[in-house]
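One structure below.
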Amino acid sequence: MQRRTFTTATATAAVALLALTACSGGGASSSDALKAKGDITIWYSNNEQEVAWGKAMVEAWNKDHPDEQIKGQEIPAGKSSEEVIGAAITAGTAPCLVFNTAPSAVGQFQKQGGLVDLTKFDDGKSYIEERSGDAAEQYQSPDGGYFQMPWKSNPVMIFYNKDMFTAAGLDPEAPKLSTYDDFLATSKTLVESGAAPFAIYPTPTSEFFQSQFDFMPLYAAQTGGTGLVEDGKATFDSEDGLDVATLWKTLYDEGLAGKEQLQGDSFATDKAAMAIVGPWAIAVYGEDKNWGAVPVPTKDGIAADETYTFSDAKNVGLYSACKNQATAWEVLKFATSEEQDGQLLELTGQMPIRQDLPEVYADYFEANPAYTLFGDQASRTIEVPAGPNTVEMLQDFRDAYTKAVISGEGDLADALKGAADKVTKLAGQD
Amino acid sequence: MSSETLGRPAGVRNPRGTTPPRPGKRPGIQRLFGKHPLGVLFSAPYLIFVGVVFAYPLVFAVYMSLHDYFFAAPGAVVDRPFTGIDNYVTALTDPRVLRSFLNVGIFLIINVPLTVVLSLVLATALNRVVHFRSFLRVAFYVPYVTASVAVVGVWLFLFNGGGLVSTLLGPLAPDPAWLINPAWAMPTIALFVTWKQLGFYILLYLAALQNVPNELYESASTDGAGAVRSFFSVTVPGVRPATVLVLLISTITGANLFTEPYLLTGGGGPNGASASPVLIMYQQGIQQGKPGYAAAIGVVLVILVLVIALLQNRFVGGREEK
């Protein structure tokens with residue numbers, strides 16, 4: 001009977017087993033690998049549009065490079081891409097390139113020794129900065145390296161259902177959503193009129209990344225582009241942070257935002273009249289919903305072309321397990337060239353992190369005016385805090401937020417202060 | 001042993017000219033592998049399995065918990081300094097971790113007795129049912145073999161604010177609703193897990209019930225015992241070994257609770273009211289890159305589960321051994 005108690009060790013053993021895999025093959029980055037050329041493997045995201053882009057890109061490269069073939073595949077299934085990549089790094093089985101590397105995970109991957117600093121390539125730094133301009137800076141590591149290639153963003157905005165606005169007696173072409181007072185009044189009208197069960201329904205659960213789609217976009221807008229952490233110090237226990245948190249708290253307290261976990265998409269299922277989403281939503285909701293898009297609100301309202309938001313970016317990592325890193329770097333440049341970025345924009349509607357995006361792809365935006373707002377918004381975004389403790393910082397913030405804002409427990413200012421103290425402490429750790 | 005051998009004085013050479021071993025002293029191979037060395041060979045695959053899959057990782061987990069450990073790429077030069085019991089001190093003073101142990105305690109207090117009672121009662125009833133026996137057995141087993149991910153959606157639908165349960169209860173339904181109510185989130189999860197696992201434990205009890213002799217029921221009936229009296233005086237003692245097994249397995253699986261708070265309450269919400277130690281281990285070890293800290297929580301959990309299992313074995317299974 002007692003041997004059954006061994007199974008109680010499963011949870012601990014699972015963590016340990018992952019560690020044991022570190023003993024198996026593979027190899028960290030070396031100068032030889034940096035110069036080596038040959039076949040490589042890449043992973044890309046598993047959504048239909050990105051798979052189409054990935055396959056086309058691989059085909060285009062392979063056609064001209066018979067000695068340096070790419071084997072492209074979707075990221076293996078797992079709880080999240082980050083966990084799959086993290087496990088692959090530990091096991092030494094990571095591919096050369098992953099076209100879906102979350103900025104929030106880069107610090108940890110770097111600490112694990114899993115990523116190659118792209119500035120080690122002669123033209124690494126210059127290529128990244130010439131392509132992305134000032135936006136590249138927020139993806140730089142504290143030591144000045146680039147362990148990720150800024151690739152594409154999904155700048156989030158307020159999507160609204162024009163039919164619901166009309167049913168509530170609101171103007172669907174010029175909705176009053178720019179100031180907090182307007183946003184609250186519009187939300188009340190939507191719910192009280194019965195046009196929508198809820199005005200807005202950000203996912204109210206405790207996962208660390210959820211704040212990227214409720215607090216962070218509004219905080220970015222309210223502060224004019226300030227991140228949660230600046231110069232190693234949390235910034236959100238401020239008047240701006242409190243204003244943003246108070247708006248959300250009011251929405252929850254007054255039943256204008258849903259507190260329960262929802263099965264499915266609140267906007268698609270007509271549970272909410274508004275949603276905070278990126279340009280991917282155009283393809284998803286485009287034909288089924290009569291939608292409009294506006295920038296996220298600020299306390300007193302500012303012009304759309306001055307409004308910041310959260311980037312929801314996904315970047316490309318070059319992994320140290322790669323044996324032919326010189327080829328991987330060439331592929332990375334090919335995949336982020338003006339032509340391939342154009343293909344990405346065309347096929348996925350996601351915004352390449354490229355300076356002067358609206359001008360470079362003027363034809364596309366002219367033909368697809370729905371994306372113009374997002375294209376313009378892409379130049380004004382903030383990113384998650386950098387470093388190896390990003391996830392822990394975001395989790396600490398989320399824990400405080402769900403308690404004080406969503407559940408409405410305790411004092412809001414104290415909650416922000418408590419979270420800020422923890423985040424500042426983490427920001428100071430290596 | 002032959003009678004000749006028995007009659008020969010110690011130290012006298014036997015017909016083959018060899019000296020027999022002294023009484024009480026066994027040859028080296030026997031001392032090492034016992035009376036039946038072949039038995040060791042037969043059990044070796046399992047011993048190796050236990051050693052590789054459980055013992056070594058467990059020892060390694062203890063090692064990790066004593067270091068500032070993190071997963072690294074093969075060949076990467078990283079520093080993982082020895083930190084002594086720092087991880088344990090941090091874990092045992094972290095309100096989130098302490099809350100998770102309290103949560104899982106609440107879970108076990110609800111889940112384990114409910115599992116034992118319901119599965120025994122239902123197994124007894126199923127054992128006597130004549131019609132639709134197979135259908136009923138399958139019906140109870142289906143939730144067990146269905147992935148949590150699939151049934152969680154149904155429970156979310158049942159227990160959300162406008163769901164069937166709250167609608168039926170009307171004003172008696174809690175506000176906020178079950179899964180976002182700090183007081184009700186963990187009991188609801190316990191209920192879900194009880195329902196989901198019940199089929200497995202019913203099968204265990206059904207198997208055990210086949211070993212309870214009918215003569216005992218007939219004797220009890222002759223002595224005037226009714227159905228209830230027979231249940232408590234014959235069935236319950238008759239399935240005691242199965243009860244110990246159900247207690248241990250439900251406690252162990254319950255202590256390892258992860259999927260349900262991860263899916264049903266969106267990551268241990270509201271405000272950590274349904275976070276389990278394994279969920280915290282997942283957050284710390286996998287998401288936040290602190291496997292050393294996660295391992296410390298795991299070691300504490302293993303120790304607590306072992307203590308509970310030993311107590312259960314002593315107080316419920318002890319009499320069986322006699």
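Every chain in the structure tokens has a letter given in the order shown (A, B, ...), and although residue numbers restart at 1 in each chain, ligands are simply numbered from 1 in the order shown.
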Tell me, as number ranges by chain, which residues lie within 12 Å of Leu247 (chain A), counting only C-alpha atoms; anything in the same chain fewer than 6 positions away does not count. A: 179-185, 187, 214-215, 218-219, 222, 240-241, 253-254, 256-257, 297-299, 405-406, 412
Writer output for current selection, N, CA and C atoms, as a short mmCIF file (atom, residue, chain, number, x, y, z; two decimals), in the first residue's frame:
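Done, and the output landed in part.cif:
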data_model
loop_
_atom_site.label_atom_id
_atom_site.label_comp_id
_atom_site.auth_asym_id
_atom_site.auth_seq_id
_atom_site.Cartn_x
_atom_site.Cartn_y
_atom_site.Cartn_z
N THR A 179 -13.36 59.69 -23.21
CA THR A 179 -13.01 60.01 -21.82
C THR A 179 -13.61 58.96 -20.89
N TYR A 180 -13.12 58.94 -19.65
CA TYR A 180 -13.65 57.94 -18.70
C TYR A 180 -15.13 58.20 -18.41
N ASP A 181 -15.50 59.47 -18.29
CA ASP A 181 -16.91 59.78 -18.02
C ASP A 181 -17.79 59.32 -19.18
N ASP A 182 -17.33 59.59 -20.40
CA ASP A 182 -18.10 59.16 -21.58
C ASP A 182 -18.17 57.64 -21.65
N PHE A 183 -17.05 57.01 -21.39
CA PHE A 183 -16.99 55.55 -21.48
C PHE A 183 -17.96 54.92 -20.49
N LEU A 184 -17.99 55.47 -19.26
CA LEU A 184 -18.90 54.94 -18.24
C LEU A 184 -20.36 55.20 -18.62
N ALA A 185 -20.64 56.42 -19.10
CA ALA A 185 -22.02 56.76 -19.47
C ALA A 185 -22.50 55.87 -20.63
N SER A 187 -21.34 52.93 -21.41
CA SER A 187 -21.46 51.56 -20.89
C SER A 187 -22.79 51.38 -20.17
N ASP A 214 -6.53 44.58 -20.21
CA ASP A 214 -7.48 45.48 -19.54
C ASP A 214 -6.75 46.70 -18.98
N PHE A 215 -5.87 46.48 -17.99
CA PHE A 215 -5.21 47.62 -17.36
C PHE A 215 -4.16 48.26 -18.26
N LEU A 218 -4.99 50.84 -21.21
CA LEU A 218 -5.51 52.13 -20.72
C LEU A 218 -4.43 52.90 -19.96
N TYR A 219 -3.56 52.15 -19.29
CA TYR A 219 -2.47 52.80 -18.56
C TYR A 219 -1.49 53.44 -19.55
N GLN A 222 -3.19 56.55 -20.83
CA GLN A 222 -3.31 57.60 -19.81
C GLN A 222 -1.97 58.28 -19.52
N ASP A 240 -2.17 58.34 -12.24
CA ASP A 240 -2.65 57.76 -13.50
C ASP A 240 -3.07 56.30 -13.30
N GLY A 241 -2.23 55.57 -12.61
CA GLY A 241 -2.54 54.16 -12.36
C GLY A 241 -3.83 54.02 -11.59
N ASP A 253 -17.94 47.13 -10.41
CA ASP A 253 -18.88 47.36 -9.31
C ASP A 253 -20.30 47.58 -9.81
N GLU A 254 -20.42 48.25 -10.94
CA GLU A 254 -21.76 48.59 -11.45
C GLU A 254 -22.30 47.53 -12.41
N LEU A 256 -21.13 46.52 -15.20
CA LEU A 256 -20.98 46.86 -16.62
C LEU A 256 -19.94 45.98 -17.30
N ALA A 257 -19.09 45.37 -16.47
CA ALA A 257 -18.09 44.41 -16.98
C ALA A 257 -18.32 43.09 -16.25
N PRO A 297 -9.79 54.58 -24.08
CA PRO A 297 -10.06 55.91 -23.50
C PRO A 297 -8.96 56.41 -22.56
N THR A 298 -8.93 57.70 -22.37
CA THR A 298 -8.10 58.31 -21.33
C THR A 298 -9.00 59.14 -20.43
N LYS A 299 -8.49 59.58 -19.31
CA LYS A 299 -9.36 60.24 -18.33
C LYS A 299 -10.07 61.46 -18.94
N VAL A 405 -9.59 45.28 -7.83
CA VAL A 405 -10.40 45.87 -8.90
C VAL A 405 -11.59 44.97 -9.26
N ILE A 406 -11.31 43.72 -9.59
CA ILE A 406 -12.40 42.85 -10.05
C ILE A 406 -13.29 42.42 -8.88
N LEU A 412 -7.92 50.37 -3.02
CA LEU A 412 -7.29 50.31 -4.34
C LEU A 412 -5.86 50.85 -4.32
#
Which residues of chain B are close to chain A, meaning at most 7 Å apart when you count only C-alpha atoms, and how do they look as a PyMOL selection string? chain B and resi 54+57-58+60-61+71-76+153+180+252+256+266-267+269+271+278+286-289+291+295+298-299+302+305-306
Residues near region 309-318 of chain A, anyone? I mean within 9 Å using only C-alpha atoms, not counting same-chain ones fewer than 3 positions away, as a PyMOL selection string. chain A and resi 95-103+106+114-118+147-157+212-213+216-221+224-225+278+295-296+321-322+325+328-329+332+351+353+377-378+380-384
Go ahead and dump the residues you just picked, C-alpha atoms, as a CSV table (one decimal), in the first residue's frame.
chain,number,residue,atom,x,y,z
A,95,PRO,CA,14.6,24.9,-33.2
A,96,CYS,CA,16.8,27.6,-34.8
A,97,LEU,CA,14.0,30.2,-35.0
A,98,VAL,CA,10.6,30.6,-33.3
A,99,PHE,CA,8.3,33.1,-35.0
A,100,ASN,CA,6.1,33.4,-31.9
A,101,THR,CA,8.4,34.3,-29.1
A,102,ALA,CA,6.6,36.3,-26.4
A,103,PRO,CA,8.5,39.3,-25.1
A,106,VAL,CA,12.5,36.4,-23.5
A,114,GLY,CA,18.6,29.5,-24.7
A,115,LEU,CA,18.8,32.6,-26.9
A,116,VAL,CA,21.5,34.0,-29.2
A,117,ASP,CA,22.3,37.7,-28.9
A,118,LEU,CA,21.6,39.0,-32.4
A,147,PHE,CA,17.9,38.5,-27.7
A,148,GLN,CA,14.7,38.9,-29.8
A,149,MET,CA,14.0,40.4,-33.2
A,150,PRO,CA,11.0,42.8,-33.0
A,151,TRP,CA,8.7,41.2,-35.5
A,152,LYS,CA,5.0,42.1,-35.4
A,153,SER,CA,2.5,43.7,-33.1
A,154,ASN,CA,-1.2,43.6,-32.5
A,155,PRO,CA,-1.8,47.1,-31.0
A,156,VAL,CA,-5.1,46.8,-29.1
A,157,MET,CA,-8.0,49.1,-29.5
A,212,GLN,CA,-2.2,43.1,-20.9
A,213,PHE,CA,-5.8,43.3,-22.2
A,216,MET,CA,-2.1,48.0,-19.5
A,217,PRO,CA,-3.7,49.5,-22.7
A,218,LEU,CA,-5.5,52.1,-20.7
A,219,TYR,CA,-2.5,52.8,-18.6
A,220,ALA,CA,-0.3,53.3,-21.7
A,221,ALA,CA,-2.9,55.7,-23.1
A,224,GLY,CA,1.4,58.8,-22.8
A,225,GLY,CA,3.4,55.6,-23.3
A,278,GLY,CA,-5.9,43.8,-32.0
A,295,PRO,CA,-8.6,54.1,-29.4
A,296,VAL,CA,-8.7,53.1,-25.7
A,321,ALA,CA,20.6,25.0,-29.8
A,322,CYS,CA,20.8,25.9,-33.5
A,325,GLN,CA,23.1,30.0,-36.8
A,328,ALA,CA,19.2,31.2,-39.3
A,329,TRP,CA,20.3,34.8,-39.2
A,332,LEU,CA,15.5,35.9,-40.1
A,351,MET,CA,1.5,44.8,-38.0
A,353,ILE,CA,7.2,46.3,-36.2
A,377,GLN,CA,-1.6,52.9,-33.6
A,378,ALA,CA,1.3,50.4,-34.1
A,380,ARG,CA,2.6,54.1,-30.3
A,381,THR,CA,2.7,51.1,-28.1
A,382,ILE,CA,4.2,49.9,-24.8
A,383,GLU,CA,5.7,46.5,-24.0
A,384,VAL,CA,5.8,44.3,-20.9
Ala335 (chain A): which residues within 10 Å, counting only C-alpha atoms, same-chain residues fewer than 2 positions away excluded, as number ranges by chain? A: 53-54, 57-58, 60-61, 99, 151, 316, 329-333, 337-341, 343-344
Name the closest residue to Thr188 (chain B) among the candidates B:Ser148, B:Thr124, B:Ser274, B:Gln284; distances are taken between atoms, counting only C-alpha atoms. B:Ser274
May I have all residues of region 13-132 of chain A that DSSP, computed from the backbone, assigns to strand (DSSP E), given as number ranges by chain? A: 40-44, 70-74, 97-101
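Taking CA of Ser379 (chain A) and CA of Pro358 (chain A) as endpoints, the distance between them is 9.5 Å.
Closest approach to Ala255 (chain B) among B:Leu198, B:Ile109, B:Ala273, B:Leu169: B:Ile109, based on only C-alpha atoms.
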Looking only at helix (DSSP H, G or I) from DSSP on the backbone, list the matching residues of region 179-283 of chain B as a PyMOL selection string. chain B and resi 179-180+185-209+214-222+227-238+240-255+259-264+277-283
Quick one: residues within 12 Å of Asp421 (chain A), only C-alpha atoms, excluding same-chain residues fewer than 5 positions away - as a VMD selection string? chain A and resid 229 232 to 237 393 396 to 397 400 414 to 416 426 to 428
In Å, rounded to a single decimal, give me how far CA of Trp155 (chain B) is from CA of Lys289 (chain A).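 That distance, rounded to one decimal, is 28.8 Å.
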Point-to-point distance in Å for CA of Tyr262 (chain B) and CA of Lys271 (chain A):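 Rounded to one decimal, the two atoms are 23.2 Å apart.
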Long-range neighbours of Trp195 (chain B) as a ChimeraX atom specification, 12 Å cut-off, only C-alpha atoms, 5 positions minimum in chain: /B:111-112,114-116,118-119,139-146,148,151-152,155,188-190,200-202
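Within 12 Å of Glu192 (chain A), once only C-alpha atoms are used and residues closer than 3 positions along the same chain are dropped, the contacting residues are Ala167, Ala168, Gly169, Leu184, Ala185, Thr186, Ser187, Lys188, Thr189, Ala195, Ala196, Pro197, Phe198, Ala199, Glu254, Gly255 and Leu256 of chain A.
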